[in-house]
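Enquirer: Handing over input_30.cif, mmCIF, C-alpha atoms (C1' of nucleotides).
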```cif
data_upload
#
loop_
_atom_site.label_atom_id
_atom_site.label_comp_id
_atom_site.auth_asym_id
_atom_site.auth_seq_id
_atom_site.Cartn_x
_atom_site.Cartn_y
_atom_site.Cartn_z
CA MET A 36 0.00 0.00 0.00
CA THR A 37 1.34 3.36 -0.97
CA GLN A 38 1.33 5.55 2.07
CA LYS A 39 1.36 8.98 0.61
CA LEU A 40 -2.18 10.06 1.24
CA SER A 41 -3.14 11.65 4.48
CA LYS A 42 -6.37 10.64 6.10
CA ILE A 43 -8.13 13.81 5.10
CA GLN A 44 -7.00 13.46 1.52
CA PHE A 45 -8.15 9.89 1.48
CA LEU A 46 -11.58 10.79 2.73
CA PHE A 47 -11.96 13.56 0.19
CA LEU A 48 -10.89 11.34 -2.66
CA TYR A 49 -13.10 8.60 -1.35
CA GLY A 50 -16.22 10.67 -1.54
CA LEU A 51 -15.23 12.23 -4.83
CA ALA A 52 -14.26 8.96 -6.46
CA LEU A 53 -17.29 7.05 -5.34
CA GLY A 54 -19.64 9.77 -6.43
CA SER A 55 -18.06 10.54 -9.77
CA LEU A 56 -17.45 6.94 -10.70
CA LEU A 57 -20.99 5.91 -10.15
CA SER A 58 -22.26 9.09 -11.75
CA LEU A 59 -20.19 8.32 -14.81
CA MET A 60 -21.55 4.84 -14.84
CA ALA A 61 -25.12 6.03 -14.77
CA TRP A 62 -24.38 8.73 -17.34
CA SER A 63 -22.96 6.26 -19.80
CA ASN A 64 -26.05 4.16 -19.44
CA TYR A 65 -28.22 7.16 -20.05
CA ARG A 66 -26.18 8.18 -23.05
CA PHE A 67 -26.41 4.89 -24.84
CA MET A 68 -29.80 3.88 -23.59
CA VAL A 69 -28.48 0.55 -22.64
CA VAL A 70 -31.29 -1.42 -21.17
CA ASP A 71 -30.23 -4.81 -20.01
CA HIS A 72 -29.26 -6.70 -16.95
CA ALA A 73 -26.29 -4.49 -16.32
CA THR A 74 -28.47 -2.41 -14.03
CA GLU A 75 -28.95 -5.28 -11.68
CA LEU A 76 -25.22 -5.88 -11.64
CA TYR A 77 -24.61 -2.25 -10.82
CA LEU A 78 -27.07 -2.41 -7.98
CA LEU A 79 -25.37 -5.51 -6.70
CA LEU A 80 -22.01 -3.81 -6.95
CA ILE A 81 -23.24 -0.73 -5.13
CA ALA A 82 -24.82 -2.85 -2.42
CA GLY A 83 -21.57 -4.78 -2.11
CA VAL A 84 -19.58 -1.60 -1.74
CA PHE A 85 -21.88 -0.26 0.94
CA VAL A 86 -21.87 -3.51 2.86
CA SER A 87 -18.09 -3.65 2.68
CA VAL A 88 -17.82 -0.11 3.93
CA GLY A 89 -20.19 -1.00 6.72
CA ILE A 90 -18.12 -3.99 7.72
CA TRP A 91 -14.97 -1.95 7.73
CA VAL A 92 -16.53 0.85 9.73
CA GLY A 93 -17.98 -1.58 12.18
CA LEU A 94 -14.69 -3.27 12.82
CA ARG A 95 -12.72 -0.07 12.82
CA TRP A 96 -14.75 1.97 15.24
CA SER A 97 -16.36 -0.45 17.55
CA ALA A 98 -15.08 -1.74 20.79
CA PRO A 99 -14.15 -5.37 20.24
CA THR A 100 -16.38 -8.05 21.62
CA ILE A 101 -14.54 -9.24 24.64
CA ILE A 102 -14.82 -12.70 26.00
CA GLU A 103 -13.14 -13.12 29.31
CA LYS A 104 -11.65 -16.44 29.98
CA THR A 105 -10.14 -17.36 33.27
CA VAL A 106 -7.19 -19.64 33.09
CA HIS A 107 -5.59 -21.25 36.09
CA VAL A 108 -1.94 -21.74 35.50
CA PRO A 109 0.27 -23.62 37.89
CA VAL A 110 3.52 -21.76 38.27
CA PRO A 111 6.45 -22.12 40.58
CA MET A 112 6.02 -19.99 43.65
CA SER A 113 9.18 -18.10 42.90
CA ALA A 114 7.95 -16.92 39.53
CA ILE A 115 4.95 -14.98 40.72
CA SER A 116 5.07 -11.34 39.83
CA PRO A 117 4.82 -9.30 42.98
CA GLU A 118 3.53 -6.26 41.11
CA PRO A 119 0.13 -5.94 39.44
CA ASN A 120 -0.03 -5.17 35.75
CA GLU A 121 -1.32 -1.66 36.02
CA GLN A 122 1.29 -0.71 38.52
CA VAL A 123 4.02 -1.83 36.17
CA MET A 124 2.42 0.08 33.33
CA ALA A 125 2.19 3.23 35.38
CA ARG A 126 5.72 2.90 36.63
CA LEU A 127 7.11 2.55 33.12
CA GLY A 128 4.68 5.00 31.54
CA ILE A 129 3.28 2.45 29.13
CA SER A 130 0.02 3.52 27.53
CA PRO A 131 -2.90 1.15 26.88
CA ARG A 132 -2.32 1.24 23.16
CA GLU A 133 1.31 0.42 23.62
CA LEU A 134 0.35 -2.50 25.81
CA ALA A 135 -1.95 -3.77 23.10
CA VAL A 136 0.93 -3.69 20.67
CA LEU A 137 3.10 -5.44 23.22
CA VAL A 138 0.57 -8.19 23.67
CA GLU A 139 0.31 -8.84 19.96
CA LEU A 140 4.06 -8.62 19.71
CA SER A 141 4.58 -11.35 22.23
CA LYS A 142 2.27 -13.58 20.24
CA GLY A 143 4.94 -13.55 17.58
CA GLN A 144 3.09 -11.25 15.20
CA SER A 145 4.89 -9.19 12.60
CA ASN A 146 4.46 -5.44 12.41
CA ASP A 147 2.07 -5.77 9.50
CA GLU A 148 -0.03 -8.33 11.32
CA ILE A 149 -0.19 -6.20 14.44
CA ALA A 150 -1.23 -3.25 12.31
CA GLY A 151 -4.02 -5.32 10.83
CA GLN A 152 -5.17 -6.51 14.23
CA LEU A 153 -5.32 -3.05 15.71
CA PHE A 154 -6.58 -1.28 12.59
CA VAL A 155 -3.69 1.13 12.36
CA SER A 156 -0.91 1.63 9.85
CA THR A 157 2.38 -0.18 10.02
CA ASN A 158 4.05 3.14 10.72
CA THR A 159 1.96 3.59 13.82
CA VAL A 160 2.93 0.16 15.04
CA LYS A 161 6.55 1.03 14.54
CA THR A 162 6.14 4.22 16.50
CA HIS A 163 4.52 2.37 19.38
CA LEU A 164 7.28 -0.21 19.29
CA ALA A 165 10.01 2.41 19.29
CA ASN A 166 8.41 4.01 22.33
CA LEU A 167 8.07 0.64 24.00
CA TYR A 168 11.71 -0.19 23.41
CA ALA A 169 12.69 3.03 25.12
CA LYS A 170 10.36 2.47 28.06
CA LEU A 171 11.36 -1.14 28.48
CA ASP A 172 14.99 -0.24 27.94
CA VAL A 173 15.57 -2.84 25.27
CA LYS A 174 16.89 -2.82 21.75
CA ARG A 175 14.97 -5.54 19.96
CA ARG A 176 11.49 -6.97 19.81
CA THR A 177 12.69 -10.28 21.17
CA GLN A 178 14.13 -8.52 24.19
CA ALA A 179 10.90 -6.63 24.60
CA ILE A 180 9.06 -9.92 24.77
CA GLU A 181 11.47 -11.19 27.37
CA LYS A 182 11.14 -8.08 29.49
CA ALA A 183 7.38 -8.01 29.20
CA ARG A 184 7.25 -11.58 30.43
CA ALA A 185 9.60 -10.86 33.26
CA LEU A 186 7.48 -7.91 34.31
CA GLY A 187 4.31 -9.94 34.08
CA LEU A 188 2.89 -7.62 31.45
CA VAL A 189 1.81 -10.36 29.10
CA MET B 126 -21.70 3.71 20.91
CA THR B 127 -23.45 6.97 21.66
CA GLN B 128 -20.23 8.86 21.89
CA LYS B 129 -19.80 12.24 20.32
CA LEU B 130 -18.51 11.92 16.79
CA SER B 131 -14.89 12.81 16.37
CA LYS B 132 -13.74 14.97 13.52
CA ILE B 133 -12.44 12.05 11.56
CA GLN B 134 -15.58 10.08 12.04
CA PHE B 135 -17.64 13.03 10.94
CA LEU B 136 -15.53 13.51 7.85
CA PHE B 137 -15.79 9.88 7.00
CA LEU B 138 -19.54 9.92 7.26
CA TYR B 139 -19.52 13.09 5.24
CA GLY B 140 -17.61 11.38 2.47
CA LEU B 141 -19.89 8.39 2.66
CA ALA B 142 -23.01 10.52 2.53
CA LEU B 143 -21.69 12.66 -0.30
CA GLY B 144 -20.67 9.68 -2.38
CA SER B 145 -23.85 7.77 -1.88
CA LEU B 146 -26.02 10.81 -2.41
CA LEU B 147 -24.31 11.68 -5.69
CA SER B 148 -24.37 8.16 -6.96
CA LEU B 149 -27.95 7.59 -6.02
CA MET B 150 -29.02 10.83 -7.61
CA ALA B 151 -27.32 9.80 -10.82
CA TRP B 152 -28.80 6.39 -10.56
CA SER B 153 -32.31 7.58 -9.99
CA ASN B 154 -32.02 9.99 -12.87
CA TYR B 155 -31.02 7.19 -15.15
CA ARG B 156 -33.69 4.93 -13.85
CA PHE B 157 -36.67 7.19 -13.97
CA MET B 158 -35.54 10.04 -16.17
CA VAL B 159 -37.26 12.39 -13.80
CA VAL B 160 -36.37 14.49 -10.87
CA ASP B 161 -37.98 12.84 -7.95
CA HIS B 162 -36.60 13.86 -4.60
CA ALA B 163 -38.69 11.42 -2.66
CA THR B 164 -37.06 8.62 -4.60
CA GLU B 165 -33.61 9.93 -3.81
CA LEU B 166 -34.33 10.02 -0.14
CA TYR B 167 -35.75 6.56 -0.37
CA LEU B 168 -32.63 5.28 -2.08
CA LEU B 169 -30.42 7.03 0.43
CA LEU B 170 -32.30 5.15 3.07
CA ILE B 171 -31.59 1.92 1.27
CA ALA B 172 -27.91 2.78 1.16
CA GLY B 173 -28.04 3.40 4.88
CA VAL B 174 -29.62 0.02 5.38
CA PHE B 175 -26.87 -1.65 3.41
CA VAL B 176 -24.22 0.05 5.47
CA SER B 177 -26.00 -0.96 8.64
CA VAL B 178 -26.16 -4.53 7.45
CA GLY B 179 -22.45 -4.33 6.77
CA ILE B 180 -21.76 -3.07 10.24
CA TRP B 181 -23.93 -5.76 11.73
CA VAL B 182 -22.28 -8.48 9.70
CA GLY B 183 -18.85 -7.15 10.57
CA LEU B 184 -19.56 -7.19 14.27
CA ARG B 185 -21.39 -10.48 14.12
CA TRP B 186 -18.69 -12.36 12.28
CA SER B 187 -15.59 -10.80 13.68
CA ALA B 188 -13.61 -13.02 15.95
CA PRO B 189 -14.17 -11.84 19.49
CA THR B 190 -11.19 -10.63 21.41
CA ILE B 191 -10.49 -13.19 24.03
CA ILE B 192 -8.96 -11.77 27.14
CA GLU B 193 -7.38 -14.43 29.19
CA LYS B 194 -7.49 -13.67 32.82
CA THR B 195 -4.60 -15.63 34.09
CA VAL B 196 -4.75 -16.83 37.64
CA HIS B 197 -1.41 -17.96 38.87
CA VAL B 198 -1.69 -20.88 41.18
CA PRO B 199 1.44 -21.12 43.24
CA VAL B 200 2.81 -24.61 43.44
CA PRO B 201 6.17 -26.02 44.35
CA MET B 202 8.55 -26.62 41.48
CA SER B 203 8.44 -30.36 42.02
CA ALA B 204 4.75 -30.48 41.25
CA ILE B 205 5.30 -29.32 37.70
CA SER B 206 6.19 -32.18 35.43
CA PRO B 207 6.05 -31.31 31.79
CA GLU B 208 7.29 -33.53 29.04
CA PRO B 209 11.03 -33.92 29.41
CA ASN B 210 13.11 -31.76 27.15
CA GLU B 211 14.81 -34.63 25.40
CA GLN B 212 11.54 -36.23 24.52
CA VAL B 213 10.31 -33.09 22.81
CA MET B 214 13.60 -32.71 21.03
CA ALA B 215 13.46 -36.25 19.75
CA ARG B 216 9.88 -35.88 18.66
CA LEU B 217 10.63 -32.77 16.64
CA GLY B 218 14.06 -33.88 15.49
CA ILE B 219 15.82 -30.95 17.07
CA SER B 220 19.55 -31.42 17.38
CA PRO B 221 21.57 -30.32 20.45
CA ARG B 222 23.19 -27.51 18.57
CA GLU B 223 19.86 -26.24 17.37
CA LEU B 224 18.58 -26.28 20.90
CA ALA B 225 21.53 -24.22 22.01
CA VAL B 226 20.66 -21.64 19.38
CA LEU B 227 17.04 -21.75 20.48
CA VAL B 228 18.01 -21.11 24.07
CA GLU B 229 20.08 -18.08 23.18
CA LEU B 230 17.37 -16.95 20.83
CA SER B 231 14.77 -16.88 23.55
CA LYS B 232 17.02 -14.72 25.64
CA GLY B 233 16.45 -12.04 23.06
CA GLN B 234 19.86 -12.30 21.49
CA SER B 235 20.53 -11.19 17.94
CA ASN B 236 21.99 -13.54 15.36
CA ASP B 237 25.40 -11.93 15.77
CA GLU B 238 25.27 -12.26 19.53
CA ILE B 239 24.24 -15.90 19.32
CA ALA B 240 27.08 -16.50 16.89
CA GLY B 241 29.48 -14.95 19.37
CA GLN B 242 28.14 -17.01 22.25
CA LEU B 243 28.41 -20.30 20.40
CA PHE B 244 31.66 -19.50 18.59
CA VAL B 245 30.26 -19.98 15.11
CA SER B 246 29.59 -17.67 12.20
CA THR B 247 26.42 -15.69 11.77
CA ASN B 248 25.64 -17.73 8.68
CA THR B 249 25.66 -20.89 10.72
CA VAL B 250 23.27 -19.38 13.19
CA LYS B 251 20.97 -18.44 10.36
CA THR B 252 21.07 -21.98 9.03
CA HIS B 253 20.24 -23.43 12.44
CA LEU B 254 17.42 -20.96 12.76
CA ALA B 255 16.01 -21.80 9.36
CA ASN B 256 16.02 -25.48 10.31
CA LEU B 257 14.43 -24.68 13.64
CA TYR B 258 11.67 -22.68 12.01
CA ALA B 259 10.86 -25.66 9.83
CA LYS B 260 10.90 -28.11 12.72
CA LEU B 261 8.88 -25.87 14.97
CA ASP B 262 6.56 -25.00 12.10
CA VAL B 263 6.88 -21.25 12.56
CA LYS B 264 7.83 -18.36 10.35
CA ARG B 265 9.62 -15.90 12.63
CA ARG B 266 11.99 -15.89 15.54
CA THR B 267 9.36 -14.42 17.79
CA GLN B 268 7.04 -17.29 16.98
CA ALA B 269 9.85 -19.72 17.57
CA ILE B 270 10.29 -18.27 21.06
CA GLU B 271 6.59 -18.66 21.70
CA LYS B 272 6.56 -22.24 20.54
CA ALA B 273 9.68 -23.15 22.45
CA ARG B 274 8.11 -21.81 25.61
CA ALA B 275 4.89 -23.64 24.99
CA LEU B 276 6.81 -26.86 24.47
CA GLY B 277 8.87 -26.29 27.58
CA LEU B 278 12.06 -26.30 25.58
CA VAL B 279 13.44 -23.21 27.21
"C1'" DG C 246 -11.89 25.93 26.67
"C1'" DC C 247 -7.23 24.74 26.77
"C1'" DA C 248 -2.96 22.47 27.59
"C1'" DA C 249 -0.90 17.99 27.92
"C1'" DA C 250 -0.74 13.38 26.74
"C1'" DA C 251 -1.78 9.82 23.65
"C1'" DA C 252 -2.42 8.14 19.20
"C1'" DT C 253 -1.87 8.38 14.53
"C1'" DC C 254 0.88 8.54 10.13
"C1'" DA C 255 4.74 9.61 6.76
"C1'" DC C 256 9.44 9.28 4.91
"C1'" DC C 257 14.14 8.18 4.73
"C1'" DC C 258 17.89 5.39 5.73
"C1'" DA C 259 20.37 1.59 7.83
"C1'" DA C 260 20.65 -2.82 9.98
"C1'" DA C 261 18.93 -7.27 10.89
"C1'" DA C 262 16.54 -11.24 9.66
"C1'" DG C 263 15.02 -14.68 6.54
"C1'" DA C 264 14.69 -17.72 2.08
"C1'" DA C 265 17.02 -20.51 -1.16
"C1'" DT C 266 20.88 -22.97 -2.58
"C1'" DG C 267 25.22 -25.16 -2.58
"C1'" DA C 268 28.88 -27.25 -0.33
"C1'" DA C 269 32.42 -29.32 2.76
"C1'" DA C 270 34.01 -31.78 6.96
"C1'" DG C 271 33.19 -34.94 10.82
"C1'" DC C 272 30.72 -38.53 13.34
"C1'" DC C 273 28.35 -42.82 13.75
"C1'" DG C 274 26.01 -47.01 13.01
"C1'" DA C 275 25.07 -50.86 9.75
"C1'" DT D 146 33.38 -48.22 4.16
"C1'" DC D 147 29.27 -46.31 2.89
"C1'" DG D 148 25.31 -43.55 3.58
"C1'" DG D 149 22.88 -40.55 6.67
"C1'" DC D 150 22.97 -36.94 10.04
"C1'" DT D 151 24.97 -33.00 12.11
"C1'" DT D 152 27.54 -29.04 11.95
"C1'" DT D 153 29.71 -25.73 9.68
"C1'" DC D 154 29.96 -21.77 6.28
"C1'" DA D 155 29.17 -18.88 1.97
"C1'" DT D 156 26.51 -16.15 -1.38
"C1'" DT D 157 22.61 -13.79 -3.24
"C1'" DC D 158 18.37 -11.70 -2.79
"C1'" DT D 159 14.15 -10.15 -0.44
"C1'" DT D 160 11.62 -8.84 3.51
"C1'" DT D 161 11.33 -7.17 7.98
"C1'" DT D 162 12.86 -4.26 11.68
"C1'" DG D 163 14.58 -0.37 13.73
"C1'" DG D 164 16.24 4.74 14.26
"C1'" DG D 165 15.36 9.36 13.73
"C1'" DT D 166 12.47 13.15 12.63
"C1'" DG D 167 8.48 15.82 12.02
"C1'" DA D 168 3.75 16.38 11.86
"C1'" DT D 169 -1.35 16.16 12.63
"C1'" DT D 170 -5.21 14.44 15.04
"C1'" DT D 171 -7.70 12.81 19.12
"C1'" DT D 172 -8.47 12.19 23.72
"C1'" DT D 173 -8.26 13.63 28.37
"C1'" DG D 174 -7.94 16.10 32.54
"C1'" DC D 175 -8.28 20.39 34.79
#
```
Starting from the coordinates I provided, produce the structure as structure tokens.
Expert:
Amino acid sequence: MTQKLSKIQFLFLYGLALGSLLSLMAWSNYRFMVVDHATELYLLLIAGVFVSVGIWVGLRWSAPTIIEKTVHVPVPMSAISPEPNEQVMARLGISPRELAVLVELSKGQSNDEIAGQLFVSTNTVKTHLANLYAKLDVKRRTQAIEKARALGLV
Amino acid sequence: MTQKLSKIQFLFLYGLALGSLLSLMAWSNYRFMVVDHATELYLLLIAGVFVSVGIWVGLRWSAPTIIEKTVHVPVPMSAISPEPNEQVMARLGISPRELAVLVELSKGQSNDEIAGQLFVSTNTVKTHLANLYAKLDVKRRTQAIEKARALGLV
DNA sequence: GCAAAAATCACCCAAAAGAATGAAAGCCGA
DNA sequence: TCGGCTTTCATTCTTTTGGGTGATTTTTGC
């Protein structure tokens, strides 16, 4: 994906393109008086576009459905983190979004996959990661995973 | 979801409305060759319905985010008896040298650092890693770390 | 309402990691 | 001793990560 368009530009072009394209389509039909089943196909296409947009919007701007699942894990007594998650986050200044990235990260996801999961661009993921590396005082993603585990963050 | 619309959200809906309005106007003109505002509004409504359906479908079919609430049950070390290391190694065909690389890997070491630790070249490390990825059935080093942990290899 | 923090995105460049292939040396059991 | 396995290393090429910088947008807390 070429990442040259800003969000505003994208939105403007989106509205413009959708409108003009479909207008052109209808105009050409009017011009040549084509009367056939193409109309139904157009309607189907339009419906498809709207449904797709709806799906995207729904996923993008809705809070995810959360299913809580309690897992009992036997661990050696020595390995129990003495500090609650939120305390660690506060102490290190890790934001919720950064934590989300960290969680996906420690699942072994690539930057692109994390971006897809969280509905942000790859660049944003990289920014979050860079900030995380600084806050966790590490240099690589693998070290970040290690540290996050050690701190009980994931 | 009764939050106040943010600027971006507003702009997006603006683009959506503009595009659909234009296209539907063109469409209705083609279809009926008349100017009929009631029809346009009606069609706009249909577009809205399609978008809503899309949103519904998106939310309905999206995989729910599963939050695992981990409860650590403290137990003495002796009570934990996973599959012995060597058994897992034999089952997956992991050689001793590969395991050594895997161990260093999960400490967050880079290829160069692992090479230094094990007194081999970086190329050798990369070969071991490639073999490990195949045997562990993963694609990235981060996933390899995950898998190794899950298997109790490290 | 406004300032601060958080979140988002872009672009460039450099470094690291990974994929594919070929190859050589040593060990070990049949 | 022969074939298979392990270990070692190289080369080329592509993809992924990471560093640094600057900017806008969005949320949040007072």
Enquirer: If the cut-off is 10 Å, can you tell me the residues of chain C near chain A, counting all atoms listed in the file? I'd like them as a list in words.
Expert: DA250, DA251, DA252, DT253, DC254, DA255 and DC256 of chain C
Enquirer: For the residues in that selection, give me C-alpha atoms (C1' of nucleotides) as a PDB file, in the frame of the given file.
Expert:
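Listing of result-v1.pdb after writing:
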```pdb
ATOM      1  C1'  DA C 250      -0.740  13.380  26.740  1.00  0.00           C
ATOM      2  C1'  DA C 251      -1.780   9.820  23.650  1.00  0.00           C
ATOM      3  C1'  DA C 252      -2.420   8.140  19.200  1.00  0.00           C
ATOM      4  C1'  DT C 253      -1.870   8.380  14.530  1.00  0.00           C
ATOM      5  C1'  DC C 254       0.880   8.540  10.130  1.00  0.00           C
ATOM      6  C1'  DA C 255       4.740   9.610   6.760  1.00  0.00           C
ATOM      7  C1'  DC C 256       9.440   9.280   4.910  1.00  0.00           C
TER       8       DC C 256
END
```
Enquirer: Determine the residue membership of the PyMOL selection byres ((chain D) within 10 of (chain A)) for the file above and supply it as a VMD selection string.
Expert: chain D and resid 161 to 164 169 to 170
Enquirer: With distances taken over all atoms listed in the file, which residue among B:Ile239, B:Leu257, B:Arg185, B:Asn210 lies nearest chain A?
Expert: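 Residue with the minimum atom-to-atom distance to chain A: B:Arg185.
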Enquirer: Find the distance between atom CA of Ile219 of chain B and atom CA of Arg274 of chain B and write it in Å to one decimal.
Expert: 14.7 Å
Enquirer: For the PyMOL selection byres ((chain A and resi 90) around 12), applied here, can you spell out every residue it catches as a PyMOL selection string?
Expert: (chain A and resi 83-89+91-97) or (chain B and resi 175-187)
Enquirer: Please list as a list in words every residue within 10 Å of segment 268-274 of chain C, counting all atoms listed in the file and excluding residues in the same chain fewer than 2 positions away.
Expert: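 Once the adjacent positions are removed, what remains is DT266 of chain C; DG149, DC150, DT151, DT152, DT153, DC154 and DA155 of chain D.
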